[in-house]
>>> print(open('work-v6.cif').read())   # mmCIF, C-alpha atoms
data_query
loop_
_atom_site.label_atom_id
_atom_site.label_comp_id
_atom_site.auth_asym_id
_atom_site.auth_seq_id
_atom_site.Cartn_x
_atom_site.Cartn_y
_atom_site.Cartn_z
CA MET A 1 -66.51 4.68 -31.48
CA LYS A 2 -65.61 7.15 -34.17
CA GLN A 3 -62.01 7.36 -32.99
CA THR A 4 -61.75 3.56 -32.77
CA ARG A 5 -62.92 3.11 -36.34
CA ASP A 6 -60.50 5.77 -37.59
CA TYR A 7 -57.64 4.11 -35.72
CA TYR A 8 -58.63 0.75 -37.15
CA PHE A 9 -58.40 1.84 -40.79
CA ASP A 10 -55.22 3.84 -40.21
CA ASN A 11 -53.68 0.77 -38.59
CA ALA A 12 -54.82 -1.38 -41.50
CA LYS A 13 -53.34 0.95 -44.10
CA PHE A 14 -50.01 1.25 -42.32
CA LEU A 15 -49.69 -2.52 -41.91
CA LEU A 16 -50.61 -3.08 -45.54
CA ILE A 17 -48.05 -0.62 -46.85
CA PHE A 18 -45.45 -2.27 -44.61
CA PHE A 19 -46.27 -5.62 -46.21
CA VAL A 20 -45.94 -4.00 -49.64
CA VAL A 21 -42.44 -2.77 -48.79
CA PHE A 22 -41.47 -6.01 -47.08
CA GLY A 23 -42.80 -8.10 -49.95
CA HIS A 24 -40.73 -6.15 -52.43
CA PHE A 25 -37.63 -6.58 -50.26
CA ILE A 26 -37.89 -10.36 -49.91
CA GLN A 27 -38.68 -10.89 -53.59
CA SER A 28 -34.93 -10.92 -54.19
CA PHE A 29 -34.59 -14.03 -52.02
CA ASN A 30 -37.43 -16.16 -53.39
CA SER A 31 -35.03 -18.49 -55.16
CA ASP A 32 -32.77 -18.84 -52.09
CA SER A 33 -35.28 -20.14 -49.59
CA ASN A 34 -38.57 -22.00 -49.85
CA SER A 35 -39.62 -20.44 -46.54
CA ILE A 36 -39.07 -16.93 -47.92
CA TYR A 37 -40.84 -17.81 -51.16
CA SER A 38 -43.80 -19.24 -49.23
CA LEU A 39 -43.99 -16.15 -47.02
CA TYR A 40 -43.82 -13.98 -50.12
CA LYS A 41 -46.81 -15.78 -51.63
CA VAL A 42 -48.80 -15.55 -48.39
CA ILE A 43 -48.24 -11.77 -48.32
CA TYR A 44 -49.34 -11.45 -51.94
CA THR A 45 -52.61 -13.24 -51.25
CA PHE A 46 -53.84 -10.27 -49.24
CA HIS A 47 -51.70 -7.10 -49.16
CA MET A 48 -52.64 -5.48 -52.49
CA PRO A 49 -56.10 -7.12 -52.59
CA ALA A 50 -56.83 -5.64 -49.15
CA PHE A 51 -55.50 -2.24 -50.26
CA ILE A 52 -57.77 -2.39 -53.29
CA LEU A 53 -60.78 -3.37 -51.18
CA VAL A 54 -60.13 -0.48 -48.75
CA SER A 55 -59.81 1.90 -51.71
CA GLY A 56 -63.23 0.79 -52.90
CA PHE A 57 -64.64 1.17 -49.39
CA PHE A 58 -63.61 4.84 -49.31
CA ALA A 59 -64.83 5.55 -52.85
CA LYS A 60 -68.39 6.44 -51.82
CA GLY A 61 -68.65 9.95 -53.24
CA ILE A 62 -68.74 9.02 -56.91
CA TYR A 63 -71.58 11.38 -57.76
CA GLY A 64 -70.03 14.40 -56.11
CA GLU A 65 -69.21 17.49 -58.10
CA GLY A 66 -65.93 17.31 -60.01
CA TYR A 67 -65.53 13.56 -59.39
CA VAL A 68 -63.69 12.79 -62.64
CA GLN A 69 -61.50 15.90 -62.46
CA LYS A 70 -60.61 15.03 -58.86
CA TYR A 71 -59.23 11.62 -59.79
CA VAL A 72 -57.44 12.90 -62.87
CA LYS A 73 -55.54 15.30 -60.63
CA LYS A 74 -55.16 12.82 -57.78
CA LEU A 75 -54.04 9.80 -59.84
CA ILE A 76 -53.29 10.52 -63.50
CA LEU A 77 -51.03 13.54 -63.01
CA PRO A 78 -48.88 11.84 -60.31
CA TYR A 79 -48.78 8.77 -62.55
CA ILE A 80 -47.37 10.76 -65.47
CA ILE A 81 -44.89 12.60 -63.25
CA PHE A 82 -43.57 9.42 -61.67
CA GLN A 83 -43.45 7.64 -65.02
CA VAL A 84 -40.99 10.31 -66.09
CA ILE A 85 -39.08 10.24 -62.80
CA TYR A 86 -38.77 6.44 -62.81
CA SER A 87 -37.72 6.45 -66.48
CA ILE A 88 -34.87 8.83 -65.67
CA PHE A 89 -34.03 6.87 -62.52
CA TYR A 90 -33.81 3.56 -64.41
CA PHE A 91 -31.78 5.21 -67.17
CA TYR A 92 -29.02 6.10 -64.73
CA LEU A 93 -29.38 3.14 -62.37
CA TYR A 94 -29.09 0.48 -65.08
CA GLY A 95 -26.91 2.47 -67.47
CA LYS A 96 -29.35 2.26 -70.37
CA SER A 97 -28.25 3.46 -73.80
CA SER A 98 -31.35 5.60 -74.33
CA LEU A 99 -34.00 7.31 -72.26
CA THR A 100 -37.54 6.16 -73.05
CA VAL A 101 -40.72 7.42 -71.45
CA ASP A 102 -43.76 5.29 -72.24
CA PRO A 103 -46.92 6.54 -70.50
CA LEU A 104 -48.88 3.50 -71.72
CA SER A 105 -46.70 0.93 -69.93
CA PRO A 106 -46.63 1.62 -66.17
CA HIS A 107 -43.31 1.28 -64.39
CA TRP A 108 -43.42 -1.42 -61.73
CA SER A 109 -45.69 -0.32 -58.84
CA LEU A 110 -47.23 2.59 -60.75
CA TRP A 111 -49.81 0.19 -62.18
CA PHE A 112 -51.87 0.78 -59.04
CA LEU A 113 -52.40 4.47 -59.82
CA ILE A 114 -53.72 3.91 -63.32
CA SER A 115 -55.85 0.95 -62.25
CA LEU A 116 -57.24 2.91 -59.30
CA PHE A 117 -58.31 5.62 -61.72
CA PHE A 118 -60.09 3.11 -63.96
CA TRP A 119 -61.77 1.44 -60.97
CA ASN A 120 -63.22 4.76 -59.84
CA MET A 121 -64.45 5.48 -63.36
CA LEU A 122 -66.03 2.02 -63.63
CA LEU A 123 -67.97 2.77 -60.44
CA LEU A 124 -69.97 5.39 -62.32
CA GLY A 125 -71.74 2.52 -64.05
CA PHE A 126 -71.41 -0.39 -61.62
CA SER A 127 -72.68 1.57 -58.62
CA LYS A 128 -76.11 1.63 -60.25
CA LEU A 129 -76.31 -2.16 -60.23
CA LYS A 130 -77.37 -4.40 -57.39
CA PRO A 131 -74.32 -5.92 -55.67
CA ILE A 132 -75.03 -9.45 -56.92
CA TYR A 133 -75.22 -8.28 -60.54
CA GLY A 134 -72.29 -5.89 -60.27
CA LEU A 135 -69.97 -8.44 -58.67
CA SER A 136 -71.03 -11.15 -61.12
CA ILE A 137 -70.25 -8.96 -64.14
CA ALA A 138 -66.96 -7.82 -62.58
CA MET A 139 -65.98 -11.45 -61.93
CA PHE A 140 -66.86 -12.36 -65.52
CA PHE A 141 -64.53 -9.68 -66.87
CA GLY A 142 -61.86 -10.63 -64.33
CA LEU A 143 -61.92 -14.19 -65.65
CA ALA A 144 -62.28 -13.27 -69.32
CA ILE A 145 -59.38 -10.80 -69.45
CA GLY A 146 -56.99 -13.71 -69.04
CA PHE A 147 -57.66 -14.72 -72.64
CA VAL A 148 -56.34 -11.36 -73.90
CA ASP A 149 -52.55 -11.18 -74.01
CA TRP A 150 -51.88 -7.61 -75.20
CA THR A 151 -53.39 -6.06 -72.04
CA SER A 152 -50.72 -7.54 -69.76
CA SER A 153 -48.68 -4.34 -69.54
CA TYR A 154 -50.74 -1.90 -71.61
CA LEU A 155 -52.19 0.64 -69.15
CA SER A 156 -52.39 -2.12 -66.54
CA LEU A 157 -55.67 -3.30 -68.09
CA THR A 158 -55.25 -6.94 -67.07
CA ARG A 159 -54.76 -6.06 -63.41
CA THR A 160 -57.55 -3.51 -63.65
CA PHE A 161 -60.11 -6.14 -64.60
CA VAL A 162 -58.66 -8.95 -62.46
CA PHE A 163 -58.75 -6.87 -59.27
CA PHE A 164 -61.87 -4.84 -59.95
CA PRO A 165 -64.17 -7.32 -58.12
CA LEU A 166 -62.19 -6.60 -54.94
CA PHE A 167 -62.55 -2.86 -55.38
CA LEU A 168 -66.26 -3.22 -56.09
CA LEU A 169 -66.78 -5.44 -53.06
CA GLY A 170 -65.13 -2.80 -50.91
CA TYR A 171 -67.47 -0.19 -52.35
CA TYR A 172 -70.49 -2.29 -51.44
CA MET A 173 -69.26 -2.88 -47.88
CA ASN A 174 -70.00 -0.76 -44.83
CA LYS A 175 -68.37 -0.41 -41.41
CA LYS A 176 -70.62 -3.03 -39.87
CA HIS A 177 -69.01 -5.67 -42.08
CA PHE A 178 -65.60 -4.80 -40.65
CA GLU A 179 -66.99 -4.80 -37.11
CA TRP A 180 -68.42 -8.25 -37.73
CA VAL A 181 -65.14 -9.71 -38.98
CA ARG A 182 -63.29 -8.35 -35.92
CA ALA A 183 -65.10 -10.73 -33.56
CA LYS A 184 -62.70 -12.77 -31.39
CA PRO A 185 -63.56 -16.19 -32.91
CA PHE A 186 -62.65 -14.83 -36.35
CA LYS A 187 -59.27 -13.63 -35.08
CA ILE A 188 -58.37 -17.09 -33.83
CA GLY A 189 -59.54 -18.65 -37.07
CA ALA A 190 -57.64 -16.06 -39.10
CA ILE A 191 -54.33 -16.95 -37.47
CA LEU A 192 -54.91 -20.63 -38.15
CA ILE A 193 -55.72 -19.86 -41.79
CA PHE A 194 -52.55 -17.79 -42.20
CA VAL A 195 -50.48 -20.68 -40.83
CA SER A 196 -52.31 -23.18 -43.03
CA CYS A 197 -51.81 -21.02 -46.12
CA PHE A 198 -48.08 -20.83 -45.44
CA ALA A 199 -47.94 -24.61 -44.96
CA VAL A 200 -49.67 -25.23 -48.28
CA PHE A 201 -47.32 -22.93 -50.19
CA TYR A 202 -44.34 -24.44 -48.38
CA ASN A 203 -45.29 -28.02 -49.23
CA PHE A 204 -46.28 -27.16 -52.80
CA PRO A 205 -43.49 -24.81 -53.91
CA ASP A 206 -44.39 -25.19 -57.59
CA ILE A 207 -47.50 -23.04 -57.16
CA ASN A 208 -46.83 -20.13 -59.50
CA HIS A 209 -46.82 -16.83 -57.61
CA GLN A 210 -47.65 -14.94 -60.82
CA TRP A 211 -51.28 -15.94 -60.37
CA LEU A 212 -51.27 -13.61 -57.36
CA LEU A 213 -49.96 -10.67 -59.39
CA GLY A 214 -52.98 -10.63 -61.70
CA SER A 215 -50.93 -9.35 -64.61
CA LYS A 216 -50.33 -12.36 -66.86
CA PRO A 217 -52.56 -13.91 -69.56
CA TYR A 218 -53.66 -17.52 -69.29
CA ASP A 219 -51.35 -18.80 -72.02
CA VAL A 220 -48.40 -17.89 -69.78
CA LEU A 221 -49.86 -19.36 -66.60
CA ALA A 222 -51.80 -22.52 -67.46
CA SER A 223 -51.95 -25.39 -69.90
CA SER A 224 -55.62 -25.10 -70.84
CA SER A 225 -58.36 -22.47 -70.79
CA PHE A 226 -60.66 -24.51 -68.56
CA GLU A 227 -57.89 -25.15 -66.06
CA ALA A 228 -56.92 -21.47 -66.08
CA ILE A 229 -60.44 -20.31 -65.24
CA LEU A 230 -60.67 -22.76 -62.35
CA VAL A 231 -57.26 -21.71 -61.00
CA ARG A 232 -58.12 -18.02 -61.18
CA LEU A 233 -61.42 -18.72 -59.41
CA GLY A 234 -59.47 -20.57 -56.74
CA PHE A 235 -57.11 -17.64 -56.25
CA TYR A 236 -60.08 -15.27 -56.08
CA LEU A 237 -61.53 -17.33 -53.24
CA LEU A 238 -58.14 -17.47 -51.52
CA SER A 239 -57.69 -13.70 -51.74
CA PHE A 240 -61.19 -13.03 -50.41
CA LEU A 241 -60.49 -15.35 -47.48
CA MET A 242 -57.06 -13.91 -46.72
CA ILE A 243 -58.28 -10.32 -46.95
CA PHE A 244 -60.83 -10.87 -44.23
CA CYS A 245 -58.31 -12.84 -42.16
CA PHE A 246 -56.07 -9.79 -42.31
CA PHE A 247 -58.84 -7.40 -41.29
CA ALA A 248 -59.76 -9.73 -38.44
CA CYS A 249 -56.23 -9.31 -37.05
CA VAL A 250 -55.89 -5.53 -37.44
CA PRO A 251 -55.71 -3.82 -34.01
CA GLN A 252 -58.33 -1.22 -33.17
CA LYS A 253 -56.44 0.90 -30.65
CA GLN A 254 -54.08 3.78 -31.32
CA TYR A 255 -50.38 2.93 -31.55
CA PHE A 256 -47.23 4.87 -32.39
CA PHE A 257 -47.62 3.93 -36.07
CA THR A 258 -51.34 4.68 -36.34
CA ARG A 259 -50.95 8.27 -37.50
CA PHE A 260 -48.65 7.16 -40.31
CA GLY A 261 -51.52 5.26 -41.93
CA LYS A 262 -52.60 8.53 -43.54
CA ASN A 263 -49.43 8.78 -45.63
CA THR A 264 -49.42 5.41 -47.39
CA LEU A 265 -49.48 6.92 -50.88
CA TYR A 266 -46.11 8.57 -50.26
CA VAL A 267 -44.60 5.29 -49.12
CA TYR A 268 -46.03 3.46 -52.11
CA LEU A 269 -44.62 5.90 -54.65
CA LEU A 270 -41.24 6.49 -53.02
CA HIS A 271 -40.15 3.11 -51.67
CA GLY A 272 -39.50 1.77 -55.17
CA PHE A 273 -36.37 3.88 -55.52
CA PHE A 274 -34.84 2.26 -52.43
CA ILE A 275 -35.92 -1.25 -53.44
CA ARG A 276 -34.42 -0.92 -56.91
CA ILE A 277 -31.12 0.35 -55.49
CA PHE A 278 -31.11 -2.52 -52.99
CA ARG A 279 -31.63 -5.06 -55.78
CA SER A 280 -29.02 -3.58 -58.11
CA THR A 281 -26.18 -3.39 -55.58
CA ASP A 282 -24.17 -5.96 -53.62
CA LEU A 283 -26.04 -5.05 -50.44
CA GLN A 284 -28.51 -7.90 -50.81
CA GLU A 285 -25.64 -10.41 -50.85
CA ALA A 286 -25.13 -9.69 -47.16
CA PHE A 287 -28.41 -11.44 -46.39
CA THR A 288 -27.49 -15.08 -46.77
CA THR A 289 -28.61 -16.71 -43.51
CA PRO A 290 -32.03 -17.16 -41.91
CA LYS A 291 -30.98 -14.87 -39.05
CA SER A 292 -30.07 -12.11 -41.47
CA TYR A 293 -33.54 -12.25 -42.98
CA PHE A 294 -34.90 -10.75 -39.77
CA LEU A 295 -32.90 -7.64 -40.59
CA ILE A 296 -34.98 -7.31 -43.74
CA VAL A 297 -38.09 -7.08 -41.58
CA LEU A 298 -36.43 -4.28 -39.62
CA MET A 299 -35.26 -2.52 -42.80
CA ALA A 300 -38.74 -2.69 -44.32
CA PHE A 301 -40.37 -1.41 -41.14
CA LEU A 302 -37.92 1.47 -40.72
CA LEU A 303 -38.22 2.46 -44.38
CA THR A 304 -42.00 2.42 -44.08
CA LEU A 305 -41.84 4.59 -40.97
CA VAL A 306 -39.42 7.11 -42.48
CA LEU A 307 -41.35 7.50 -45.72
CA SER A 308 -44.56 7.91 -43.69
CA THR A 309 -43.28 10.82 -41.65
CA ASN A 310 -44.75 14.27 -42.12
CA LEU A 311 -41.34 15.61 -43.11
CA VAL A 312 -41.05 13.26 -46.10
CA ALA A 313 -44.71 13.76 -46.94
CA SER A 314 -44.34 17.54 -46.86
CA LEU A 315 -41.37 17.36 -49.24
CA ALA A 316 -43.11 14.98 -51.65
CA GLN A 317 -46.60 16.47 -51.53
CA PRO A 318 -46.01 19.13 -54.23
CA PHE A 319 -45.09 16.35 -56.71
CA ILE A 320 -47.89 13.99 -55.68
CA GLU A 321 -50.84 16.14 -54.61
CA PHE A 322 -49.73 19.48 -56.10
CA ARG A 323 -50.26 21.12 -52.73
CA THR A 324 -48.03 22.37 -49.92
CA THR A 325 -50.43 22.04 -46.99
CA LYS A 326 -48.21 19.51 -45.20
CA MET A 327 -45.17 21.76 -45.61
CA GLN A 328 -47.14 24.67 -44.14
CA LYS A 329 -48.20 22.56 -41.15
CA TRP A 330 -44.62 21.36 -40.70
CA SER A 331 -43.30 24.92 -40.83
CA THR A 332 -45.91 26.05 -38.32
CA LYS A 333 -44.97 23.29 -35.87
CA THR A 334 -41.27 23.99 -36.31
CA SER A 335 -41.75 27.70 -35.70
CA TYR A 336 -43.80 26.96 -32.60
CA LYS A 337 -41.07 24.69 -31.20
CA GLU A 338 -38.43 27.36 -31.91
CA LYS A 339 -40.45 29.85 -29.91
CA LEU A 340 -40.67 27.40 -27.02
CA PHE A 341 -36.94 26.72 -26.95
#
>>> encode(input="work-v6.cif", output="C-alpha cells")
Amino acid sequence: MKQTRDYYFDNAKFLLIFFVVFGHFIQSFNSDSNSIYSLYKVIYTFHMPAFILVSGFFAKGIYGEGYVQKYVKKLILPYIIFQVIYSIFYFYLYGKSSLTVDPLSPHWSLWFLISLFFWNMLLLGFSKLKPIYGLSIAMFFGLAIGFVDWTSSYLSLTRTFVFFPLFLLGYYMNKKHFEWVRAKPFKIGAILIFVSCFAVFYNFPDINHQWLLGSKPYDVLASSSFEAILVRLGFYLLSFLMIFCFFACVPQKQYFFTRFGKNTLYVYLLHGFFIRIFRSTDLQEAFTTPKSYFLIVLMAFLLTLVLSTNLVASLAQPFIEFRTTKMQKWSTKTSYKEKLF
C-alpha cells in the first residue's frame, strides 16, 4: 500500500505539471478557437488549485525545528534568483531599453513561490484552529481581498489570499480522503463532470477566464460588489469540484512517467523560458489547424518529460535548492555505467 500511495501522488504531480505546461502553450490560441479557449478554462479550474491543495497536504511538519528558515531557503531564495534571471531574460528577449529587477512584483509563474511561502507561514496560526473555523476565516479573506486593488501584483497577495483556502483544505486532509475519492463510481462521475464543464464553457464563451487566475480585483472582473462575491463563491465551488474530479482520475500504478513526479519544481521554474520564446517567435503561427493543435499536446508532454529528467534536475539544482546531490547521484550512475561498458 505504501508504494501505491507514493505512485499515486507522483502520478498526480506529474500530470498536474504537464497541464501547467500545456495550459501555458495553448494560451496563445485562446482567441483563435472557442474549443481551445474552453479547454484552457477547464484546465485552469483544477491544475493550480490541485497543486496548491497537494502542497498543503504535504505541509504537515510546521512545528518542526527550523521551519521558517527551511522555507526561506526553499522558496524565497529561488524566487529572488529567478526574479533576476527572468528580468535579464525578458530584457534581451523583448529588447527592452532598461533592465529592471523588482522583487516585489513576481514575474509570471513565480507568484507561486512567494504565495507558497506565505501559505506555509499562515499555517503557523491557522493550524491551531478547528478546520471549520480555519476554512471559514480563509474563505472570508479570499472573498474580501477582491475589494483591494493594489495587491493584484504586489507580492502576489491577491492570489495568496484567494487560493489559501485550497492550501488549508489540503493541510486538513489525510490519505483516507484521497482513497475515498478514488472509488470507481467517482471516476465515472468525474469524467462526466469534466465533459459537462467543457460544454458549459464552450456554450458560454463570455465567461471571463481571469476569475480562474485569482489575481484580479473585483472592479476589473464584475459590475457590482454583491455580484462579484457570488461569482467568486461559484468559482470556489467549481474548483473544489474539479480538483476532486482530477484526483478521482489519477492512476495509482507505476508508469514510465511516475518517477518524474518528484521533479515538478524544476519543470515549473524552467518551462517559462521555452513558453516565452514560443510566444515571441513565428513558431506559433505554424499551428493554425485543429490537427496541428495535437502537436501542442506532444510538445507540452515532451517538454515536461525533458525538464523532469534527472540530468536537467541535476544541472538546475544548485540554483534552485543550493545543493548538488542530484549531480552526485548522476555522476555515480554514469561512472557505474562506464565501468560496465
>>> resolve_selection(input="work-v6.cif", expression="the PyMOL selection byres ((chain A and resi 85) around 12)", output="PyMOL selection string")
chain A and resi 78-84+86-92+99-103+106-107+110+269-270+272-273+319-320
>>> write_last_selection(input="work-v6.cif", atoms="C-alpha atoms", output="tab-separated table (two decimals), in the frame of the given file")
chain	number	residue	atom	x	y	z
A	78	PRO	CA	-48.88	11.84	-60.31
A	79	TYR	CA	-48.78	8.77	-62.55
A	80	ILE	CA	-47.37	10.76	-65.47
A	81	ILE	CA	-44.89	12.60	-63.25
A	82	PHE	CA	-43.57	9.42	-61.67
A	83	GLN	CA	-43.45	7.64	-65.02
A	84	VAL	CA	-40.99	10.31	-66.09
A	86	TYR	CA	-38.77	6.44	-62.81
A	87	SER	CA	-37.72	6.45	-66.48
A	88	ILE	CA	-34.87	8.83	-65.67
A	89	PHE	CA	-34.03	6.87	-62.52
A	90	TYR	CA	-33.81	3.56	-64.41
A	91	PHE	CA	-31.78	5.21	-67.17
A	92	TYR	CA	-29.02	6.10	-64.73
A	99	LEU	CA	-34.00	7.31	-72.26
A	100	THR	CA	-37.54	6.16	-73.05
A	101	VAL	CA	-40.72	7.42	-71.45
A	102	ASP	CA	-43.76	5.29	-72.24
A	103	PRO	CA	-46.92	6.54	-70.50
A	106	PRO	CA	-46.63	1.62	-66.17
A	107	HIS	CA	-43.31	1.28	-64.39
A	110	LEU	CA	-47.23	2.59	-60.75
A	269	LEU	CA	-44.62	5.90	-54.65
A	270	LEU	CA	-41.24	6.49	-53.02
A	272	GLY	CA	-39.50	1.77	-55.17
A	273	PHE	CA	-36.37	3.88	-55.52
A	319	PHE	CA	-45.09	16.35	-56.71
A	320	ILE	CA	-47.89	13.99	-55.68
>>> atom_distance(input="work-v6.cif", atom1="CA of Leu93 in chain A", atom2="CA of Leu265 in chain A")
23.5 Å
>>> atom_distance(input="work-v6.cif", atom1="CA of Ser308 in chain A", atom2="CA of Phe194 in chain A")
27.0 Å
>>> closest_residue(input="work-v6.cif", among="A:Asn11, A:Ser225, A:Ser215, A:Asn30", to="Gln254 in chain A", atoms="only C-alpha atoms")
A:Asn11
>>> residues_around(input="work-v6.cif", residues="Ile114 in chain A", least_positions_apart="4", cutoff="9 Å", atoms="only C-alpha atoms", output="VMD selection string")
chain A and resid 75 to 76 79 106 110 118 to 119 155 to 157 160
>>> closest_residue(input="work-v6.cif", among="A:Asn310, A:Ser136, A:Ser292, A:Asn208", to="Leu169 in chain A", atoms="all atoms listed in the file")
A:Ser136
>>> atom_distance(input="work-v6.cif", atom1="CA of Leu77 in chain A", atom2="CA of Arg323 in chain A")
12.8 Å
>>> resolve_selection(input="work-v6.cif", expression="the PyMOL selection byres ((chain A and resi 236-245) around 10)", output="PyMOL selection string")
chain A and resi 42-51+53+139+142-143+162-163+165-166+169+177-178+181-182+186-194+197+211-212+230-235+246-250
>>> residues_around(input="work-v6.cif", residues="range 128-131 of chain A", least_positions_apart="2", cutoff="10 Å", atoms="all atoms listed in the file", output="MDAnalysis selection string")
chainID A and resid 123:126 133:137 168:169 171:173
>>> closest_residue(input="work-v6.cif", among="A:Ser115, A:Ser152, A:Asn263, A:Ser97", to="Ile17 in chain A", atoms="all atoms listed in the file")
A:Asn263
>>> residues_around(input="work-v6.cif", residues="Val297 in chain A", least_positions_apart="3", cutoff="9 Å", atoms="only C-alpha atoms", output="PyMOL selection string")
chain A and resi 22+25-26+293-294+300-302
>>> resolve_selection(input="work-v6.cif", expression="the PyMOL selection byres ((chain A and resi 318) around 12)", output="PyMOL selection string")
chain A and resi 74+77-78+81+266+312-317+319-328
>>> residues_around(input="work-v6.cif", residues="Phe9 in chain A", least_positions_apart="6", cutoff="9 Å", atoms="only C-alpha atoms", output="list in words")
Val54, Val250, Gln252, Thr258 and Gly261 of chain A
>>> closest_residue(input="work-v6.cif", among="A:Ser224, A:Ser196, A:Ser98, A:Val21", to="Arg276 in chain A", atoms="only C-alpha atoms")
A:Val21
>>> residues_around(input="work-v6.cif", residues="Tyr154 in chain A", least_positions_apart="3", cutoff="6 Å", atoms="all atoms listed in the file", output="ChimeraX atom specification")
/A:104-105,151
>>> closest_atom_pairs(input="work-v6.cif", of="range 134-197 of chain A", to="range 216-219 of chain A", cutoff="8 Å", atoms="all atoms listed in the file", output="CSV")
residue,atom,partner,partner_atom,distance
A:Ile145,CA,A:Pro217,CA,7.5
A:Gly146,CA,A:Pro217,CA,4.5
A:Phe147,CA,A:Tyr218,CA,5.9
A:Val148,CA,A:Pro217,CA,6.3
A:Asp149,CA,A:Pro217,CA,5.2
A:Ser152,CA,A:Lys216,CA,5.6
A:Thr158,CA,A:Lys216,CA,7.3
